[in-house]
Each structure stands twice: as structure tokens, then as C-alpha cells.
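Here is coords_22.cif, consisting of mmCIF, C-alpha atoms:
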```
data_target
#
loop_
_atom_site.group_PDB
_atom_site.id
_atom_site.type_symbol
_atom_site.label_atom_id
_atom_site.label_comp_id
_atom_site.auth_asym_id
_atom_site.auth_seq_id
_atom_site.Cartn_x
_atom_site.Cartn_y
_atom_site.Cartn_z
ATOM 1 C CA MET A 1 39.050 -31.393 -32.814
ATOM 2 C CA ALA A 2 38.562 -32.325 -29.157
ATOM 3 C CA ALA A 3 41.057 -33.688 -26.635
ATOM 4 C CA LEU A 4 40.730 -35.009 -23.072
ATOM 5 C CA LEU A 5 43.357 -33.977 -20.549
ATOM 6 C CA LEU A 6 43.840 -35.637 -17.164
ATOM 7 C CA PHE A 7 45.527 -33.691 -14.383
ATOM 8 C CA THR A 8 47.568 -36.252 -12.386
ATOM 9 C CA PRO A 9 49.135 -35.569 -8.967
ATOM 10 C CA PRO A 10 52.340 -33.514 -9.212
ATOM 11 C CA PRO A 11 55.602 -35.472 -9.157
ATOM 12 C CA THR A 12 57.865 -35.403 -6.106
ATOM 13 C CA LEU A 13 60.670 -32.926 -5.712
ATOM 14 C CA SER A 14 63.297 -35.545 -6.442
ATOM 15 C CA LYS A 15 61.679 -36.385 -9.748
ATOM 16 C CA LEU A 16 61.463 -32.764 -10.730
ATOM 17 C CA THR A 17 65.103 -32.232 -9.841
ATOM 18 C CA SER A 18 66.294 -35.220 -11.796
ATOM 19 C CA SER A 19 64.215 -34.469 -14.819
ATOM 20 C CA SER A 20 65.285 -30.818 -14.886
ATOM 21 C CA SER A 21 68.911 -31.850 -14.675
ATOM 22 C CA HIS A 22 68.581 -34.181 -17.679
ATOM 23 C CA HIS A 23 66.436 -31.613 -19.570
ATOM 24 C CA SER A 24 63.707 -34.218 -20.192
ATOM 25 C CA PRO A 25 60.170 -32.858 -20.608
ATOM 26 C CA VAL A 26 57.412 -33.671 -18.115
ATOM 27 C CA GLN A 27 54.765 -35.836 -19.755
ATOM 28 C CA ILE A 28 51.072 -35.643 -18.842
ATOM 29 C CA PRO A 29 49.260 -38.856 -19.777
ATOM 30 C CA ILE A 30 45.944 -38.616 -21.596
ATOM 31 C CA HIS A 31 43.135 -40.944 -20.479
ATOM 32 C CA PRO A 32 40.030 -40.646 -22.618
ATOM 33 C CA HIS A 33 37.655 -42.352 -20.118
ATOM 34 C CA HIS A 34 38.802 -40.952 -16.794
ATOM 35 C CA PRO A 35 35.927 -39.463 -14.711
ATOM 36 C CA LEU A 36 37.879 -36.282 -13.818
ATOM 37 C CA SER A 37 38.952 -35.419 -17.361
ATOM 38 C CA LEU A 38 38.182 -31.989 -18.938
ATOM 39 C CA SER A 39 37.020 -31.441 -22.496
ATOM 40 C CA LEU A 40 38.776 -28.596 -24.347
ATOM 41 C CA SER A 41 37.708 -27.345 -27.738
ATOM 42 C CA LEU A 42 40.456 -25.913 -29.919
ATOM 43 C CA PRO A 43 38.979 -23.112 -32.071
ATOM 44 C CA ARG A 44 40.110 -22.483 -35.588
ATOM 45 C CA ARG A 45 42.287 -19.474 -36.155
ATOM 46 C CA ARG A 46 40.594 -16.988 -38.450
ATOM 47 C CA PRO A 47 42.306 -14.215 -40.357
ATOM 48 C CA ASN A 48 41.997 -10.780 -38.738
ATOM 49 C CA PHE A 49 40.648 -8.081 -41.058
ATOM 50 C CA LEU A 50 40.930 -4.531 -39.718
ATOM 51 C CA VAL A 51 39.393 -1.727 -41.764
ATOM 52 C CA ARG A 52 40.554 1.801 -41.064
ATOM 53 C CA VAL A 53 38.870 4.796 -42.662
ATOM 54 C CA ASP A 54 40.670 8.071 -43.096
ATOM 55 C CA ASP A 55 38.891 11.338 -42.314
ATOM 56 C CA GLY A 56 39.046 12.385 -45.933
ATOM 57 C CA ASP A 57 37.592 9.109 -47.248
ATOM 58 C CA SER A 58 34.105 9.565 -45.875
ATOM 59 C CA ASP A 59 32.532 9.551 -49.356
ATOM 60 C CA ALA A 60 32.125 6.005 -50.516
ATOM 61 C CA GLY A 61 33.543 5.199 -53.916
ATOM 62 C CA ALA A 62 35.458 8.473 -54.299
ATOM 63 C CA ASP A 63 38.606 8.141 -56.368
ATOM 64 C CA VAL A 64 41.176 10.459 -54.839
ATOM 65 C CA TYR A 65 43.781 9.742 -57.485
ATOM 66 C CA ASP A 66 41.717 10.593 -60.563
ATOM 67 C CA MET A 67 40.041 13.965 -60.170
ATOM 68 C CA ASP A 68 40.226 17.358 -61.739
ATOM 69 C CA GLU A 69 41.514 20.483 -60.047
ATOM 70 C CA ASP A 70 38.127 21.738 -58.830
ATOM 71 C CA GLU A 71 37.258 18.416 -57.192
ATOM 72 C CA ALA A 72 40.667 18.294 -55.510
ATOM 73 C CA GLU A 73 40.072 21.773 -54.109
ATOM 74 C CA GLU A 74 36.691 20.729 -52.685
ATOM 75 C CA LEU A 75 38.325 17.662 -51.130
ATOM 76 C CA ASP A 76 40.965 19.815 -49.442
ATOM 77 C CA ASN A 77 38.316 22.123 -48.041
ATOM 78 C CA LYS A 78 36.315 19.151 -46.796
ATOM 79 C CA LYS A 79 39.352 17.801 -44.959
ATOM 80 C CA ASP A 80 39.937 21.188 -43.356
ATOM 81 C CA TYR A 81 36.408 21.845 -42.199
ATOM 82 C CA ASP A 82 32.952 20.315 -42.447
ATOM 83 C CA VAL A 83 29.943 22.398 -43.478
ATOM 84 C CA GLU A 84 26.700 21.624 -41.698
ATOM 85 C CA TYR A 85 23.698 21.044 -43.957
ATOM 86 C CA ASP A 86 20.152 21.206 -42.637
ATOM 87 C CA ARG A 87 18.760 17.663 -42.639
ATOM 88 C CA LEU A 88 15.186 18.891 -42.946
ATOM 89 C CA PHE A 89 15.790 19.666 -46.602
ATOM 90 C CA ALA A 90 16.112 16.721 -48.956
ATOM 91 C CA PRO A 91 18.777 17.092 -51.635
ATOM 92 C CA ALA A 92 17.346 18.449 -54.840
ATOM 93 C CA PRO A 93 18.264 17.032 -58.243
ATOM 94 C CA ALA A 94 21.615 18.222 -59.474
ATOM 95 C CA PRO A 95 21.499 21.097 -61.988
ATOM 96 C CA ALA A 96 22.905 20.892 -65.461
ATOM 97 C CA PRO A 97 26.704 20.688 -65.445
ATOM 98 C CA ALA A 98 28.546 23.922 -66.113
ATOM 99 C CA PRO A 99 30.813 24.195 -69.150
ATOM 100 C CA ALA A 100 34.346 22.939 -68.620
ATOM 101 C CA PRO A 101 36.758 25.743 -67.688
ATOM 102 C CA SER A 102 39.751 26.552 -69.791
ATOM 103 C CA PRO A 103 43.123 25.161 -68.726
ATOM 104 C CA ASP A 104 44.306 28.569 -67.452
ATOM 105 C CA ASP A 105 41.077 29.434 -65.629
ATOM 106 C CA HIS A 106 40.980 29.830 -61.807
ATOM 107 C CA VAL A 107 44.673 28.981 -61.410
ATOM 108 C CA ILE A 108 46.700 31.118 -59.000
ATOM 109 C CA GLU A 109 50.396 30.748 -59.615
ATOM 110 C CA ILE A 110 52.498 30.447 -56.481
ATOM 111 C CA VAL A 111 55.180 33.112 -56.385
ATOM 112 C CA GLN A 112 58.325 32.521 -54.364
ATOM 113 C CA SER A 113 59.182 35.468 -52.123
ATOM 114 C CA LYS A 114 62.545 36.039 -50.479
ATOM 115 C CA THR A 115 60.882 37.473 -47.367
ATOM 116 C CA PHE A 116 58.283 34.713 -46.955
ATOM 117 C CA VAL A 117 58.309 33.041 -43.534
ATOM 118 C CA SER A 118 55.748 30.327 -42.831
ATOM 119 C CA THR A 119 54.198 30.903 -39.401
ATOM 120 C CA GLN A 120 51.970 27.823 -39.453
ATOM 121 C CA GLY A 121 52.391 25.780 -36.299
ATOM 122 C CA TRP A 122 54.051 28.566 -34.319
ATOM 123 C CA ASP A 123 52.957 29.350 -30.779
ATOM 124 C CA SER A 124 50.214 31.951 -30.614
ATOM 125 C CA GLU A 125 50.992 35.414 -29.214
ATOM 126 C CA LYS A 126 54.708 34.824 -29.761
ATOM 127 C CA VAL A 127 56.514 38.071 -30.577
ATOM 128 C CA VAL A 128 58.907 37.699 -33.502
ATOM 129 C CA ASP A 129 62.352 39.304 -33.502
ATOM 130 C CA TYR A 130 62.137 40.819 -36.965
ATOM 131 C CA ARG A 131 60.131 43.407 -38.864
ATOM 132 C CA ILE A 132 58.031 42.713 -41.927
ATOM 133 C CA ILE A 133 57.552 44.709 -45.102
ATOM 134 C CA GLU A 134 53.956 45.791 -44.618
ATOM 135 C CA GLU A 135 53.511 46.525 -48.333
ATOM 136 C CA GLU A 136 53.706 42.774 -48.953
ATOM 137 C CA PHE A 137 50.742 42.095 -46.657
ATOM 138 C CA HIS A 138 47.044 42.811 -46.470
ATOM 139 C CA LYS A 139 46.738 45.206 -43.542
ATOM 140 C CA ILE A 140 43.358 44.796 -41.839
ATOM 141 C CA SER A 141 42.750 47.513 -39.260
ATOM 142 C CA LEU A 142 40.405 46.633 -36.403
ATOM 143 C CA LEU A 143 39.466 48.372 -33.171
ATOM 144 C CA ASP A 144 41.992 46.619 -30.925
ATOM 145 C CA CYS A 145 44.667 45.442 -33.355
ATOM 146 C CA ASP A 146 46.033 45.381 -36.880
ATOM 147 C CA PHE A 147 46.047 42.080 -38.729
ATOM 148 C CA PHE A 148 48.548 41.221 -41.463
ATOM 149 C CA ILE A 149 48.091 38.417 -44.017
ATOM 150 C CA ARG A 150 50.599 37.709 -46.780
ATOM 151 C CA LYS A 151 49.549 39.318 -50.096
ATOM 152 C CA PRO A 152 50.849 37.543 -53.207
ATOM 153 C CA PRO A 153 51.255 39.828 -56.233
ATOM 154 C CA ASP A 154 48.036 39.952 -58.252
ATOM 155 C CA PRO A 155 46.354 42.716 -60.283
ATOM 156 C CA ASP A 156 43.049 42.255 -58.437
ATOM 157 C CA ASN A 157 44.717 42.575 -55.018
ATOM 158 C CA ASP A 158 42.382 39.958 -53.514
ATOM 159 C CA VAL A 159 44.678 36.929 -53.090
ATOM 160 C CA TYR A 160 45.471 35.817 -49.536
ATOM 161 C CA ASP A 161 48.215 33.504 -48.286
ATOM 162 C CA PHE A 162 47.219 32.319 -44.801
ATOM 163 C CA ARG A 163 50.531 30.566 -44.260
ATOM 164 C CA GLU A 164 52.057 33.801 -42.938
ATOM 165 C CA MET A 165 50.053 36.021 -40.575
ATOM 166 C CA TYR A 166 50.881 38.569 -37.875
ATOM 167 C CA VAL A 167 48.999 40.752 -35.429
ATOM 168 C CA THR A 168 50.092 44.020 -33.804
ATOM 169 C CA PRO A 169 48.606 46.659 -31.537
ATOM 170 C CA PRO A 170 47.152 49.541 -33.587
ATOM 171 C CA ASP A 171 49.813 51.434 -35.538
ATOM 172 C CA THR A 172 52.834 49.721 -34.000
ATOM 173 C CA ASP A 173 55.607 47.491 -35.320
ATOM 174 C CA VAL A 174 55.628 44.823 -32.584
ATOM 175 C CA TYR A 175 54.627 41.770 -34.610
ATOM 176 C CA ALA A 176 53.244 38.660 -32.932
ATOM 177 C CA ILE A 177 51.703 35.384 -34.076
ATOM 178 C CA PRO A 178 47.893 35.485 -33.972
ATOM 179 C CA ARG A 179 45.710 32.807 -32.425
ATOM 180 C CA VAL A 180 44.633 30.352 -35.125
ATOM 181 C CA LEU A 181 41.501 28.509 -33.979
ATOM 182 C CA ALA A 182 40.804 26.450 -37.133
ATOM 183 C CA PRO A 183 42.809 24.871 -39.955
ATOM 184 C CA MET A 184 43.866 27.459 -42.518
ATOM 185 C CA PRO A 185 44.264 26.763 -46.254
ATOM 186 C CA GLY A 186 47.758 25.939 -47.361
ATOM 187 C CA LYS A 187 47.472 27.572 -50.781
ATOM 188 C CA TYR A 188 46.474 30.871 -52.329
ATOM 189 C CA ILE A 189 42.777 31.742 -52.309
ATOM 190 C CA ARG A 190 40.785 34.764 -53.435
ATOM 191 C CA CYS A 191 38.626 36.413 -50.786
ATOM 192 C CA ALA A 192 36.210 39.313 -50.520
ATOM 193 C CA MET A 193 36.569 41.355 -47.344
ATOM 194 C CA SER A 194 33.712 42.786 -45.308
ATOM 195 C CA ASP A 195 33.640 44.109 -41.767
ATOM 196 C CA TYR A 196 31.305 43.991 -38.809
ATOM 197 C CA GLY A 197 31.178 46.893 -36.388
ATOM 198 C CA CYS A 198 29.314 49.969 -35.265
ATOM 199 C CA TYR A 199 29.579 53.745 -35.234
ATOM 200 C CA ASN A 200 30.620 55.426 -32.009
ATOM 201 C CA VAL A 201 29.011 58.860 -31.828
ATOM 202 C CA THR A 202 30.427 61.317 -29.291
ATOM 203 C CA GLU A 203 29.357 64.862 -28.398
ATOM 204 C CA PRO A 204 31.892 67.689 -28.254
ATOM 205 C CA PRO A 205 32.887 69.218 -24.916
ATOM 206 C CA VAL A 206 31.042 72.290 -23.760
ATOM 207 C CA ASP A 207 34.171 74.458 -23.784
ATOM 208 C CA ALA A 208 34.648 73.976 -27.538
ATOM 209 C CA PRO A 209 31.576 75.527 -29.172
ATOM 210 C CA ARG A 210 33.111 75.631 -32.648
ATOM 211 C CA ASP A 211 33.646 71.858 -32.804
ATOM 212 C CA PRO A 212 31.207 69.769 -34.841
ATOM 213 C CA LEU A 213 27.927 68.927 -33.174
ATOM 214 C CA TYR A 214 28.943 65.293 -33.012
ATOM 215 C CA LYS A 215 31.808 63.046 -34.012
ATOM 216 C CA SER A 216 31.279 59.548 -35.389
ATOM 217 C CA GLU A 217 33.958 56.887 -35.694
ATOM 218 C CA ARG A 218 33.689 53.477 -37.250
ATOM 219 C CA GLU A 219 34.725 50.764 -34.782
ATOM 220 C CA VAL A 220 35.390 47.449 -36.514
ATOM 221 C CA SER A 221 35.150 44.457 -34.191
ATOM 222 C CA LYS A 222 35.285 41.651 -36.769
ATOM 223 C CA VAL A 223 36.331 41.163 -40.379
ATOM 224 C CA PHE A 224 34.956 38.457 -42.666
ATOM 225 C CA LEU A 225 37.000 37.027 -45.538
ATOM 226 C CA THR A 226 34.657 35.156 -47.895
ATOM 227 C CA LYS A 227 36.260 32.914 -50.493
ATOM 228 C CA HIS A 228 35.527 33.310 -54.181
ATOM 229 C CA TYR A 229 33.838 30.181 -55.474
ATOM 230 C CA ARG A 230 36.372 28.189 -57.517
ATOM 231 C CA ASN A 231 38.815 31.088 -57.011
ATOM 232 C CA ARG A 232 37.174 32.935 -59.878
ATOM 233 C CA ARG A 233 38.034 36.546 -60.479
ATOM 234 C CA PHE A 234 35.544 39.283 -59.736
ATOM 235 C CA ARG A 235 35.180 40.067 -63.452
ATOM 236 C CA ASP A 236 34.382 36.447 -64.308
ATOM 237 C CA PRO A 237 30.807 36.062 -65.661
ATOM 238 C CA GLU A 238 30.352 33.027 -63.381
ATOM 239 C CA PHE A 239 31.690 34.830 -60.313
ATOM 240 C CA VAL A 240 29.921 34.061 -57.045
ATOM 241 C CA LEU A 241 30.963 34.032 -53.398
ATOM 242 C CA ASP A 242 31.325 30.750 -51.542
ATOM 243 C CA PHE A 243 29.473 31.445 -48.290
ATOM 244 C CA GLU A 244 30.430 28.016 -46.986
ATOM 245 C CA GLU A 245 34.029 29.159 -46.521
ATOM 246 C CA ILE A 246 34.282 32.296 -44.397
ATOM 247 C CA TYR A 247 37.273 33.242 -42.251
ATOM 248 C CA VAL A 248 36.566 35.453 -39.238
ATOM 249 C CA ILE A 249 39.141 37.797 -37.712
ATOM 250 C CA ASP A 250 38.229 38.899 -34.189
ATOM 251 C CA SER A 251 39.574 42.180 -32.842
ATOM 252 C CA LYS A 252 39.052 41.423 -29.156
ATOM 253 C CA THR A 253 40.710 37.989 -29.074
ATOM 254 C CA LYS A 254 43.260 38.793 -31.828
ATOM 255 C CA SER A 255 42.431 35.497 -33.487
ATOM 256 C CA ILE A 256 41.335 34.036 -36.800
ATOM 257 C CA THR A 257 39.034 31.091 -37.331
ATOM 258 C CA ARG A 258 36.680 29.599 -39.871
ATOM 259 C CA ALA A 259 32.979 30.219 -39.447
ATOM 260 C CA LYS A 260 30.560 27.373 -38.829
ATOM 261 C CA VAL A 261 27.896 27.813 -41.491
ATOM 262 C CA LEU A 262 24.456 26.195 -41.523
ATOM 263 C CA VAL A 263 23.121 25.601 -45.047
ATOM 264 C CA THR A 264 19.320 25.401 -45.385
ATOM 265 C CA VAL A 265 19.171 25.653 -49.179
ATOM 266 C CA PRO A 266 18.145 22.365 -50.859
ATOM 267 C CA GLY A 267 20.665 20.725 -53.134
ATOM 268 C CA GLY A 268 23.736 20.506 -50.926
ATOM 269 C CA LYS A 269 27.038 21.136 -52.692
ATOM 270 C CA ASN A 270 25.456 20.801 -56.141
ATOM 271 C CA ARG A 271 23.022 23.699 -55.682
ATOM 272 C CA ASP A 272 22.951 26.928 -57.643
ATOM 273 C CA ARG A 273 25.007 29.234 -55.435
ATOM 274 C CA LYS A 274 23.821 32.382 -57.201
ATOM 275 C CA SER A 275 20.594 32.184 -55.196
ATOM 276 C CA ASP A 276 22.355 31.912 -51.810
ATOM 277 C CA LEU A 277 21.750 34.551 -49.162
ATOM 278 C CA LEU A 278 23.967 34.753 -46.072
ATOM 279 C CA ILE A 279 22.416 35.698 -42.726
ATOM 280 C CA ILE A 280 24.805 36.796 -39.935
ATOM 281 C CA ARG A 281 23.405 37.129 -36.433
ATOM 282 C CA ASP A 282 24.432 37.105 -32.756
ATOM 283 C CA ASN A 283 27.123 39.762 -33.143
ATOM 284 C CA GLY A 284 28.822 37.933 -35.980
ATOM 285 C CA ASN A 285 28.835 34.471 -34.384
ATOM 286 C CA THR A 286 25.993 32.699 -36.231
ATOM 287 C CA PHE A 287 26.065 32.116 -39.987
ATOM 288 C CA LYS A 288 23.180 30.716 -42.018
ATOM 289 C CA ILE A 289 22.636 30.346 -45.762
ATOM 290 C CA ILE A 290 19.059 30.648 -47.025
ATOM 291 C CA HIS A 291 17.440 31.017 -50.434
ATOM 292 C CA THR A 292 16.961 34.551 -51.744
ATOM 293 C CA SER A 293 13.206 33.925 -51.948
ATOM 294 C CA GLU A 294 13.117 33.709 -48.133
ATOM 295 C CA ARG A 295 14.577 37.160 -47.661
ATOM 296 C CA ASP A 296 12.630 39.524 -45.396
ATOM 297 C CA ASP A 297 12.524 43.261 -45.890
ATOM 298 C CA PRO A 298 14.363 45.375 -43.289
ATOM 299 C CA THR A 299 11.118 46.560 -41.674
ATOM 300 C CA THR A 300 10.014 42.989 -40.973
ATOM 301 C CA VAL A 301 13.412 42.082 -39.532
ATOM 302 C CA ILE A 302 13.367 45.119 -37.213
ATOM 303 C CA GLU A 303 9.815 44.334 -36.099
ATOM 304 C CA LYS A 304 10.759 40.762 -35.231
ATOM 305 C CA GLU A 305 13.810 41.863 -33.290
ATOM 306 C CA GLU A 306 11.911 44.558 -31.418
ATOM 307 C CA TRP A 307 9.085 42.157 -30.591
ATOM 308 C CA ILE A 308 11.495 39.607 -29.124
ATOM 309 C CA GLN A 309 13.379 42.265 -27.181
ATOM 310 C CA THR A 310 10.189 43.909 -25.885
ATOM 311 C CA ARG A 311 8.764 40.570 -24.826
ATOM 312 C CA GLN A 312 11.936 39.706 -22.917
ATOM 313 C CA GLU A 313 11.924 43.071 -21.148
ATOM 314 C CA MET A 314 8.253 42.646 -20.195
ATOM 315 C CA GLU A 315 8.897 39.129 -18.912
ATOM 316 C CA ARG A 316 11.771 40.483 -16.842
ATOM 317 C CA HIS A 317 9.505 43.133 -15.346
ATOM 318 C CA LEU A 318 6.611 40.781 -14.602
ATOM 319 C CA ARG A 319 8.851 38.319 -12.808
ATOM 320 C CA LYS A 320 9.146 40.859 -10.003
ATOM 321 C CA LEU A 321 5.450 40.372 -9.155
ATOM 322 C CA ARG A 322 4.577 37.863 -6.473
ATOM 323 C CA ASP A 323 1.806 36.153 -8.434
ATOM 324 C CA PHE A 324 3.838 35.841 -11.646
ATOM 325 C CA SER A 325 3.750 32.050 -11.553
ATOM 326 C CA ILE A 326 -0.070 32.164 -11.563
ATOM 327 C CA SER A 327 -0.750 35.150 -13.807
ATOM 328 C CA ASN A 328 1.756 33.894 -16.382
ATOM 329 C CA TRP A 329 -0.746 31.202 -17.379
ATOM 330 C CA PHE A 330 -3.124 33.901 -18.608
#
```
Reformat the file's structure so that it appears as C-alpha cells.
Amino acid sequence: MAALLLFTPPPTLSKLTSSSSHHSPVQIPIHPHHPLSLSLSLPRRRPNFLVRVDDGDSDAGADVYDMDEDEAEELDNKKDYDVEYDRLFAPAPAPAPAPAPSPDDHVIEIVQSKTFVSTQGWDSEKVVDYRIIEEEFHKISLLDCDFFIRKPPDPDNDVYDFREMYVTPPDTDVYAIPRVLAPMPGKYIRCAMSDYGCYNVTEPPVDAPRDPLYKSEREVSKVFLTKHYRNRRFRDPEFVLDFEEIYVIDSKTKSITRAKVLVTVPGGKNRDRKSDLLIIRDNGNTFKIIHTSERDDPTTVIEKEEWIQTRQEMERHLRKLRDFSISNWF
């Protein structure tokens, strides 16, 4: 639809005053053949469709309302944290489906405790004004601190409740809220604990000849909590660790976070996890999952590390020479 509007000279002040007093509208005449007319096109109003995608709905066609317990657990983990898969490896065909678990399999019953206090969302490093019952917690002793994570009652003693956590200086009862650097699970999970550290070897003083020749102490700088796949018990015949979900406790920063894991094994989430091999490097900061067939023997690993270190030291020494920029080409 098109219309032609003609802008006529404005009326005088007297006309405007009279017309405003009688509340009569000002009329603009329309002349279709006037030379100073403007052509205005009135567009049609179209309906506005806005599509919003939630972070957890990244998989197309996924039905969130009709899924079994294992799929719901994977969806929760995916919302909490994304695992990086190496794009160089194409997904392999999915293996044969595993037999359906029994109704009571891999279910951890939530037990209500009178002393439970949820510390999720609290300010980090905040000192609480109460004492905890340490027997109800997993006490993880590190070099610079002691970490406490709620321990639900279980015969295997490997269930962790990350909703309540504390940190203290070594062997003290001043409890504070640790630094939480990643989303923590809001339900019980089974984890296997391993530590990362070194041995500090010291020599005895000269004035104590009867002391041992040396004294070695284990100094733990980090602790890794690796989730059991599907929360299966250790005695389960299908037990395997889920290297994609590792929680790292750092002694120096008194914090807990979830490790960023790079998966290079073909197959993605549907792979056979029994052939996974976890590689931890860079002082416990880099995590990589490879196939067990790619495992190197310790001698080869040491040779590679020594070669890289020796080359760097030689490069550092040669840079002191004046003709390094020229001789480096040879």
C-alpha cells in the first residue's frame, strides 16, 4: 500500500490556539499529483520469532525429560564442565551396548546428617565460627594445609560430598572455606584418590653422628580425586575410572578445581574406557587421555625429557656467543 503526503505551510498561531482550545485535530490534506509530495511505503508487520538455546541443550534432538539415570548423570556433568576432545581423531563406531544394570546398581543413597552445613556459594577463605567433627569428613593432608570433604557413610569409604568442604592450616582447628574454582557436583560421587608430590631428602647435622644418614619426607603438593565411571564400586566387574572427571586440590593456593582434560582416544564418549591411559604433565597442570597402545616405557620418557632439557640448556649457553644468530643456522 502506498500513500502520498503533502507537507503544507504551518498554520498561524491564532489557528493553532483556536484549534487546540476546541480540541479539533489538525488535518493534513493529501494531494496525489503535487510535485513536492513524498512516497512512503508501509511495510507489513511480521511475527518476531526469537530462539534461545540453553547451555545444556547443545545436543540436537536430546530429550531431557525421558532418560535413564546414567544419561541424566552424564547430562549433569556436561552442564558442569565440558571435556575437550581432539578433533584430529574421527569418532569411531560405537561399541556394542553394555547389559542393562540392575535397579539397585550404582545408586548412592543420600543420608541426612544433623551436622551437615552446605558451604556452596560461601565466600572463599572465610573462617567459620564453629568446629566440625573430623571423623565425618575425608581428611586430605597436604604440604601447606589440610583439606576436609564431607564423607557420607559407606562401607567402601570412597564417597565424597562436595557440598561441604573446609581447609585448615596443618594440624589446626581453624576451619575456613576453600577457594572453589570450578562447579562442583551437587550429589554423592565415588572417587579414587591419588597424590602428586616429591620426597624431600635432608642430611643430618654433623653434631648428631648417631642420626640416620638421611631423612626423607613425602611432600604432597596436589591431590587428584578421579570419579568412578557410573559410580560403580571398586569390586564391580565393570569398574573403571572416569579420567574425564578429575578434581584437583592444590596445597599452595588452598583451592579445588576440576581438571581440563584433553581426550585423544577415538570414539568420544562412547569409547571403551578400559583402554584409557591418563598422562599428567607440567607439575600436575596438564591432563591428556591416550590409548594404552601408545604408552611409552619409562626409559623412553626419561630420554625424551632429558633431550629436551639438555637442548634448552645448550641453547641458553650458545646464546651468550656473539655469532649465535649466524652459527645457529648450522
Provide an axis-aligned box for all listed atoms of stretch 220-229 of chain A, padding each side by 6 Å; report its centre and its edge lengths in Å to one decimal, as lines of an AutoDock Vina configuration file.
```
center_x = 35.4
center_y = 38.8
center_z = -44.8
size_x = 15.2
size_y = 29.3
size_z = 33.3
```
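We find atom CA of A:Phe243 and atom CA of A:Lys151 to be spaced 21.6 Å apart.
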Take the PyMOL selection byres ((chain A and resi 176) around 12), apply it to the structure above, and return the hits as an MDAnalysis selection string.
chainID A and resid 119 122:132 145:148 164:169 172:175 177:179 254:255
query: Written as a ChimeraX atom specification, what is the full residue list that the PyMOL selection byres ((chain A and resi 232) around 10) yields on the file shown?
result: /A:105-108,189-191,227-231,233-241
Can you build me a table of stretch 96-205 of chain A residues sitting at most 12 Å from stretch 274-290 of chain A, with the closest atom pair per residue and its distance in Å to one decimal, using all atoms listed in the file, sorted by chain and residue number, as a tab-separated table?
```
residue	atom	partner	partner_atom	distance
A:Ser194	CA	A:Gly284	CA	11.6
A:Asp195	CA	A:Gly284	CA	9.7
A:Tyr196	CA	A:Gly284	CA	7.1
A:Gly197	CA	A:Asn283	CA	8.8
A:Cys198	CA	A:Asn283	CA	10.7
```
### Query
What's the 10 Å shell around A:Glu217, counting all atoms listed in the file, without same-chain residues fewer than 2 positions away, as a PyMOL selection string?
chain A and resi 198-202+215+219-220
* Asked: Please, what distance in Å, to one decimal, runs between atom CA of A:Pro155 and atom CA of A:Ser118?
  ->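 Calculated distance between atom CA of A:Pro155 and atom CA of A:Ser118 is 23.4 Å.
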